[in-house]
Structure formats: C-alpha cells, structure tokens
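Asker: What follows is the file coords_34.cif, containing mmCIF, C-alpha atoms:
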data_my_file
loop_
_atom_site.label_atom_id
_atom_site.label_comp_id
_atom_site.auth_asym_id
_atom_site.auth_seq_id
_atom_site.Cartn_x
_atom_site.Cartn_y
_atom_site.Cartn_z
CA MET C 22 -26.61 -15.33 2.15
CA PRO C 23 -30.02 -13.68 2.39
CA TYR C 24 -33.09 -15.19 0.80
CA ASN C 25 -34.60 -13.45 -2.25
CA ALA C 26 -37.20 -11.76 -0.05
CA PHE C 27 -34.44 -9.64 1.50
CA TYR C 28 -33.24 -8.38 -1.89
CA LYS C 29 -36.84 -7.46 -2.79
CA LEU C 30 -36.98 -5.03 0.15
CA GLU C 31 -36.38 -1.35 -0.52
CA GLN C 32 -32.73 -0.41 -0.05
CA ASN C 33 -33.65 1.70 2.97
CA LYS C 34 -35.23 -1.30 4.73
CA GLN C 35 -32.23 -3.50 3.91
CA ASN C 36 -29.96 -0.82 5.41
CA ILE C 37 -32.07 -0.61 8.58
CA ILE C 38 -31.70 -4.37 9.15
CA LEU C 39 -27.95 -4.32 8.39
CA ASN C 40 -27.30 -1.26 10.55
CA GLN C 41 -29.11 -2.86 13.49
CA ALA C 42 -27.10 -6.05 12.93
CA LYS C 43 -23.89 -3.99 13.06
CA ILE C 44 -25.02 -2.41 16.34
CA GLU C 45 -25.87 -5.82 17.81
CA PHE C 46 -22.61 -7.45 16.72
CA SER C 47 -20.68 -4.40 17.93
CA ASN C 48 -22.17 -4.66 21.40
CA TYR C 49 -22.12 -8.45 21.70
CA LEU C 50 -19.88 -11.28 20.57
CA PHE C 51 -21.53 -13.62 18.07
CA GLU C 52 -22.61 -16.21 20.67
CA GLU C 53 -24.23 -13.54 22.86
CA ALA C 54 -25.87 -11.57 20.01
CA SER C 55 -29.63 -11.90 19.78
CA ILE C 56 -32.00 -11.93 16.82
CA ASN C 57 -34.76 -11.00 19.30
CA ARG C 58 -32.99 -7.74 20.20
CA ILE C 59 -32.43 -6.91 16.53
CA ILE C 60 -36.04 -7.43 15.46
CA LYS C 61 -37.36 -5.64 18.56
CA GLU C 62 -35.23 -2.55 17.81
CA ILE C 63 -36.36 -2.33 14.18
CA ASN C 64 -39.90 -3.49 14.92
CA ILE C 65 -40.28 -6.37 12.48
CA PRO C 66 -42.02 -9.67 13.23
CA ARG C 67 -39.80 -12.66 13.97
CA GLY C 68 -41.39 -14.51 11.05
CA SER C 69 -40.38 -11.71 8.67
CA PHE C 70 -36.76 -11.99 9.75
CA TYR C 71 -36.74 -15.66 8.78
CA LEU C 72 -38.08 -14.75 5.35
CA TYR C 73 -34.87 -12.73 4.90
CA PHE C 74 -32.22 -14.85 6.63
CA LYS C 75 -31.92 -18.52 7.56
CA ASN C 76 -30.51 -17.77 11.03
CA LYS C 77 -28.21 -15.50 13.03
CA GLU C 78 -25.10 -16.90 11.34
CA ASP C 79 -26.54 -16.12 7.91
CA LEU C 80 -27.16 -12.49 8.92
CA TYR C 81 -23.72 -12.25 10.54
CA PHE C 82 -21.81 -13.39 7.48
CA TYR C 83 -23.85 -11.24 5.13
CA MET C 84 -23.14 -8.24 7.36
CA LEU C 85 -19.43 -9.18 7.31
CA ASP C 86 -19.52 -9.32 3.51
CA THR C 87 -20.85 -5.77 3.39
CA VAL C 88 -18.21 -4.57 5.88
CA PHE C 89 -15.32 -6.20 4.00
CA GLU C 90 -16.67 -5.14 0.61
CA LYS C 91 -16.42 -1.53 1.76
CA ASN C 92 -12.79 -2.23 2.67
CA ASN C 93 -11.90 -2.83 -0.98
CA ASN C 94 -11.08 0.86 -1.34
CA ILE C 95 -8.77 0.63 1.68
CA TYR C 96 -6.89 -2.26 0.07
CA LYS C 97 -6.52 -0.30 -3.17
CA GLU C 98 -5.33 2.74 -1.24
CA LYS C 99 -2.68 0.69 0.61
CA SER C 100 -1.56 -0.89 -2.66
CA LEU C 101 -1.04 2.53 -4.28
CA LYS C 102 0.61 3.96 -1.15
CA HIS C 103 3.17 1.14 -1.01
CA ASN C 104 3.71 0.70 -4.76
CA LYS C 105 2.17 -2.81 -4.63
CA ASP C 106 4.82 -4.04 -2.15
CA ILE C 107 3.24 -7.16 -0.61
CA LYS C 108 4.97 -6.93 2.78
CA LYS C 109 4.31 -3.20 3.29
CA ILE C 110 0.65 -3.53 2.27
CA PHE C 111 -0.05 -6.28 4.80
CA ILE C 112 1.82 -4.56 7.64
CA ASP C 113 -0.18 -1.39 6.94
CA LEU C 114 -3.44 -3.41 6.91
CA PHE C 115 -2.52 -4.85 10.34
CA GLU C 116 -1.95 -1.35 11.75
CA HIS C 117 -5.08 0.00 10.07
CA ALA C 118 -7.30 -2.69 11.64
CA LEU C 119 -6.11 -1.72 15.13
CA GLN C 120 -6.64 2.00 14.52
CA GLN C 121 -10.33 2.01 13.61
CA THR C 122 -12.62 4.92 14.39
CA GLU C 123 -14.57 4.63 17.64
CA GLU C 124 -17.71 3.95 15.58
CA ASN C 125 -16.16 0.90 13.92
CA LYS C 126 -13.76 -0.20 16.63
CA LYS C 127 -16.19 -2.31 18.68
CA LEU C 128 -17.52 -4.12 15.62
CA ILE C 129 -14.05 -4.81 14.18
CA LYS C 130 -12.78 -5.90 17.59
CA ASN C 131 -15.71 -8.30 18.06
CA ILE C 132 -15.29 -9.71 14.55
CA PHE C 133 -11.67 -10.56 15.23
CA ILE C 134 -12.15 -11.73 18.80
CA ASN C 135 -14.91 -14.00 17.52
CA PHE C 136 -12.80 -15.28 14.65
CA ASN C 137 -12.56 -19.08 14.41
CA THR C 138 -11.97 -21.79 11.82
CA ASN C 139 -15.58 -21.71 10.65
CA HIS C 140 -15.31 -17.97 10.07
CA ALA C 141 -12.01 -18.41 8.26
CA LEU C 142 -13.55 -20.83 5.78
CA LYS C 143 -16.32 -18.34 4.99
CA MET C 144 -14.27 -15.12 5.05
CA LEU C 145 -11.06 -16.27 3.37
CA PRO C 146 -12.08 -18.21 0.29
CA ILE C 147 -9.31 -20.16 -1.43
CA ASN C 148 -11.13 -19.71 -4.74
CA LYS C 149 -9.24 -16.86 -6.41
CA ASP C 150 -12.40 -15.46 -8.03
CA LYS C 151 -13.99 -14.89 -4.61
CA MET C 152 -10.94 -13.33 -2.93
CA VAL C 153 -11.32 -9.76 -1.66
CA LEU C 154 -7.63 -9.04 -2.20
CA LYS C 155 -7.17 -9.16 -5.96
CA LEU C 156 -3.79 -10.10 -7.43
CA GLU C 157 -3.46 -6.84 -9.34
CA LEU C 158 -2.96 -5.07 -5.99
CA PHE C 159 0.42 -6.78 -5.57
CA ASP C 160 3.76 -6.80 -7.36
CA PHE C 161 5.07 -10.36 -7.80
CA SER C 162 7.94 -9.45 -10.13
CA LYS C 163 10.71 -10.34 -7.67
CA TYR C 164 9.19 -13.66 -6.66
CA ASP C 165 9.74 -17.05 -8.23
CA ILE C 166 6.14 -18.19 -8.30
CA ASN C 167 3.90 -19.36 -11.10
CA GLU C 168 0.73 -17.50 -12.02
CA ASN C 169 -1.62 -20.13 -10.61
CA ASP C 170 -0.04 -20.05 -7.13
CA LYS C 171 -0.02 -16.27 -6.61
CA HIS C 172 -3.50 -16.24 -5.11
CA LEU C 173 -2.46 -18.99 -2.66
CA ILE C 174 0.42 -16.85 -1.36
CA ILE C 175 -1.95 -13.93 -0.82
CA HIS C 176 -4.47 -16.27 0.81
CA ILE C 177 -1.81 -17.57 3.22
CA ILE C 178 -0.62 -14.08 4.19
CA ASP C 179 -4.20 -12.81 4.46
CA THR C 180 -5.03 -15.70 6.80
CA LEU C 181 -1.99 -14.83 8.93
CA LEU C 182 -3.08 -11.17 8.91
CA ILE C 183 -6.55 -11.97 10.26
CA GLN C 184 -5.13 -14.40 12.81
CA SER C 185 -2.62 -11.77 13.96
CA ILE C 186 -5.27 -9.06 14.22
CA SER C 187 -7.44 -11.47 16.22
CA PHE C 188 -4.55 -12.19 18.61
CA ALA C 189 -3.81 -8.47 18.92
CA PHE C 190 -7.40 -7.59 19.84
CA LYS C 191 -7.50 -10.42 22.39
CA ASN C 192 -4.13 -9.33 23.85
CA ILE C 193 -3.97 -5.62 23.06
CA GLU C 194 -1.03 -5.02 25.43
CA GLU C 195 0.97 -7.50 23.30
CA LYS C 196 0.09 -5.95 19.92
CA ASP C 197 3.67 -4.82 19.18
CA LYS C 198 5.03 -8.31 19.82
CA ILE C 199 2.23 -9.84 17.71
CA LYS C 200 3.04 -7.41 14.89
CA GLU C 201 6.71 -8.38 15.12
CA ILE C 202 5.82 -12.09 14.81
CA PHE C 203 3.48 -11.33 11.89
CA ILE C 204 6.31 -9.53 10.06
CA LYS C 205 8.63 -12.50 10.65
CA GLU C 206 5.98 -14.84 9.23
CA ILE C 207 5.60 -12.67 6.11
CA ASN C 208 9.38 -12.58 5.71
CA ILE C 209 9.64 -16.37 5.90
CA ILE C 210 6.99 -16.76 3.20
CA LEU C 211 8.29 -14.04 0.88
CA ASN C 212 11.97 -14.95 1.34
CA GLY C 213 11.07 -18.52 0.48
CA ILE C 214 9.63 -17.52 -2.90
CA GLU C 215 12.05 -14.69 -3.71
CA ARG C 216 13.76 -15.15 -7.05
CA ARG C 217 17.41 -16.12 -6.56
CA ILE C 218 19.81 -14.94 -9.23
CA ILE C 219 22.75 -17.42 -9.46
#
Would you mind writing the structure in this file as structure tokens?
Answerer:
Amino acid sequence: MPYNAFYKLEQNKQNIILNQAKIEFSNYLFEEASINRIIKEINIPRGSFYLYFKNKEDLYFYMLDTVFEKNNNIYKEKSLKHNKDIKKIFIDLFEHALQQTEENKKLIKNIFINFNTNHALKMLPINKDKMVLKLELFDFSKYDINENDKHLIIHIIDTLLIQSISFAFKNIEEKDKIKEIFIKEINIILNGIERRII
C-alpha cells in the first residue's frame, strides 16, 4: 500500500501516477516493467516515487486494487443478471474477463499471465471482510453450508476463476476447453454442498 505521502497528493497527481502505472503494466509483464520508465514519463524524481511507494510491487498491487475495486459494479451487475446464481455469475465473469475492451485488454491479460501464488495471496484474501465478492451477491439457499463457511466456498471458486482466466490468456486457443474444465470444477464444488432432501 502507498505511504501517507501518496495520499497527501492532489487527486489529479495520484491519477497521473496510477494511469502511467497502468500503461507500464499493460505494455510489460511485471518482471519487465520499469519504475524508471514510469517516473520518466510523468517527470517526477526517483526519490519522490519512493516517498509514495516502497517498490514496484507495492505500486503494482495498489494499482490492481484500484482496477478490481472498479469491478465491484460488474460483480453486482452479474449478480442481478443471474438472480444471484453462483454458477452462472462465475461463468459470466470468466467470459467477461476474456472480452475486455482493447483499452483494458492488455492490462487484464498481463495481470492474469503474471498471476502466481504470491499474487493470489494478495489478491484473494481469505478474510471475509476483505473479499471483493461479497456474500450478498450470491444465493446459498439450495446449499447445505453453514454461514461461516460461505465465504470459503466463494473464495475457492474465485481462486479457480482467476486460475482459469490466467490459463485461458496463456493458451487463448484453448479457452473453450479451459472454460469447460472450469464449469466442471464449479459443478463438483456446488454439487458437493447441494442440500439433499431424503
């Protein structure tokens, strides 16, 4: 997360830094992205950058937070569209990620190609209070699961979603097969917790 000095900047200056970060991480994978290019483009001293962020990783994950925060409305829209049906929402999210606008496509592709275990730990918190996908977006009425475990089910499926999107971007010609496997994985999870009436 940024240091306090970043939050003290005018909103416009914060946006300039974040927009340049998005450009850099759209054009380069994380390992190849350069703080030097970012600060050169926006004409700030290297020392100033390190007053705002600890390092490149710190900037990257803050930028990701802003990208995924904006996706909250997309999640709500999918939830309404599919009447809170867990399976349909996640399948739609998979398709949506692969059908980004040209402006966003490179960034989203690089995020998912770059995705690794370290990123998963930062982007997919197990703590239910920090989860992007809130439980009220989903209907659990037909599942035999206690209240405390609902967020874990969503966490598991969300992790599979991001892994599947990552695989699809890395092997775009196989995206239909990857989607099919993702649907099977969701079915296994949801069928396993479906309430059985005996």
Asker: Between CA of Phe82 (chain C) and CA of Ala26 (chain C), measure the distance and give it in Å to one decimal.
Answerer: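 About the pair CA of Phe82 (chain C) and CA of Ala26 (chain C): they are 17.2 Å apart.
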Asker: Quick check, in Å to one decimal: how far apart do CA of Asn25 (chain C) and CA of Tyr73 (chain C) lie?
Answerer: 7.2 Å
Asker: Give the centre and edge lengths of an axis-aligned box, in Å to one decimal, that holds all listed atoms of region 164-168 of chain C with 5 Å on each side, as JSON.
Answerer:
{"center_x": 5.2, "center_y": -16.5, "center_z": -9.3, "size_x": 19.0, "size_y": 15.7, "size_z": 15.4}
Asker: Given the file shown, determine the residues that the PyMOL selection byres ((chain C and resi 41-51) around 6) selects; report them as a ChimeraX atom specification.
Answerer: /C:38-40,52-54,127-128,131
Asker: One number please: CA of Glu168 (chain C) to CA of Ile214 (chain C), in Å, one decimal.
Answerer: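 Taking CA of Glu168 (chain C) and CA of Ile214 (chain C), their separation equals 12.7 Å.
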Asker: With distances taken over all atoms listed in the file, which of C:Asp106, C:Asp86, C:Glu195, C:Asp79 is nearest to Ile207 (chain C)?
Answerer: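 Of C:Asp106, C:Asp86, C:Glu195, C:Asp79, the one nearest Ile207 (chain C) is C:Asp106, counting all atoms listed in the file.
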Asker: Mind telling me what the PyMOL selection byres ((chain C and resi 130) around 9) catches here, as a ChimeraX atom specification?
Answerer: /C:47,118-119,125-129,131-135,186-187,190-191
Asker: Can you list what the PyMOL selection byres ((chain C and resi 63) around 10) grabs from this structure, as a compact mmCIF listing (two decimals) with C-alpha atoms, in the frame of the given file?
Answerer:
# COMPACT_ATOMS: atom_id res chain seq x y z
CA LYS C 34 -35.23 -1.30 4.73
CA ILE C 37 -32.07 -0.61 8.58
CA ILE C 38 -31.70 -4.37 9.15
CA ASN C 40 -27.30 -1.26 10.55
CA GLN C 41 -29.11 -2.86 13.49
CA ARG C 58 -32.99 -7.74 20.20
CA ILE C 59 -32.43 -6.91 16.53
CA ILE C 60 -36.04 -7.43 15.46
CA LYS C 61 -37.36 -5.64 18.56
CA GLU C 62 -35.23 -2.55 17.81
CA ASN C 64 -39.90 -3.49 14.92
CA ILE C 65 -40.28 -6.37 12.48
CA PRO C 66 -42.02 -9.67 13.23
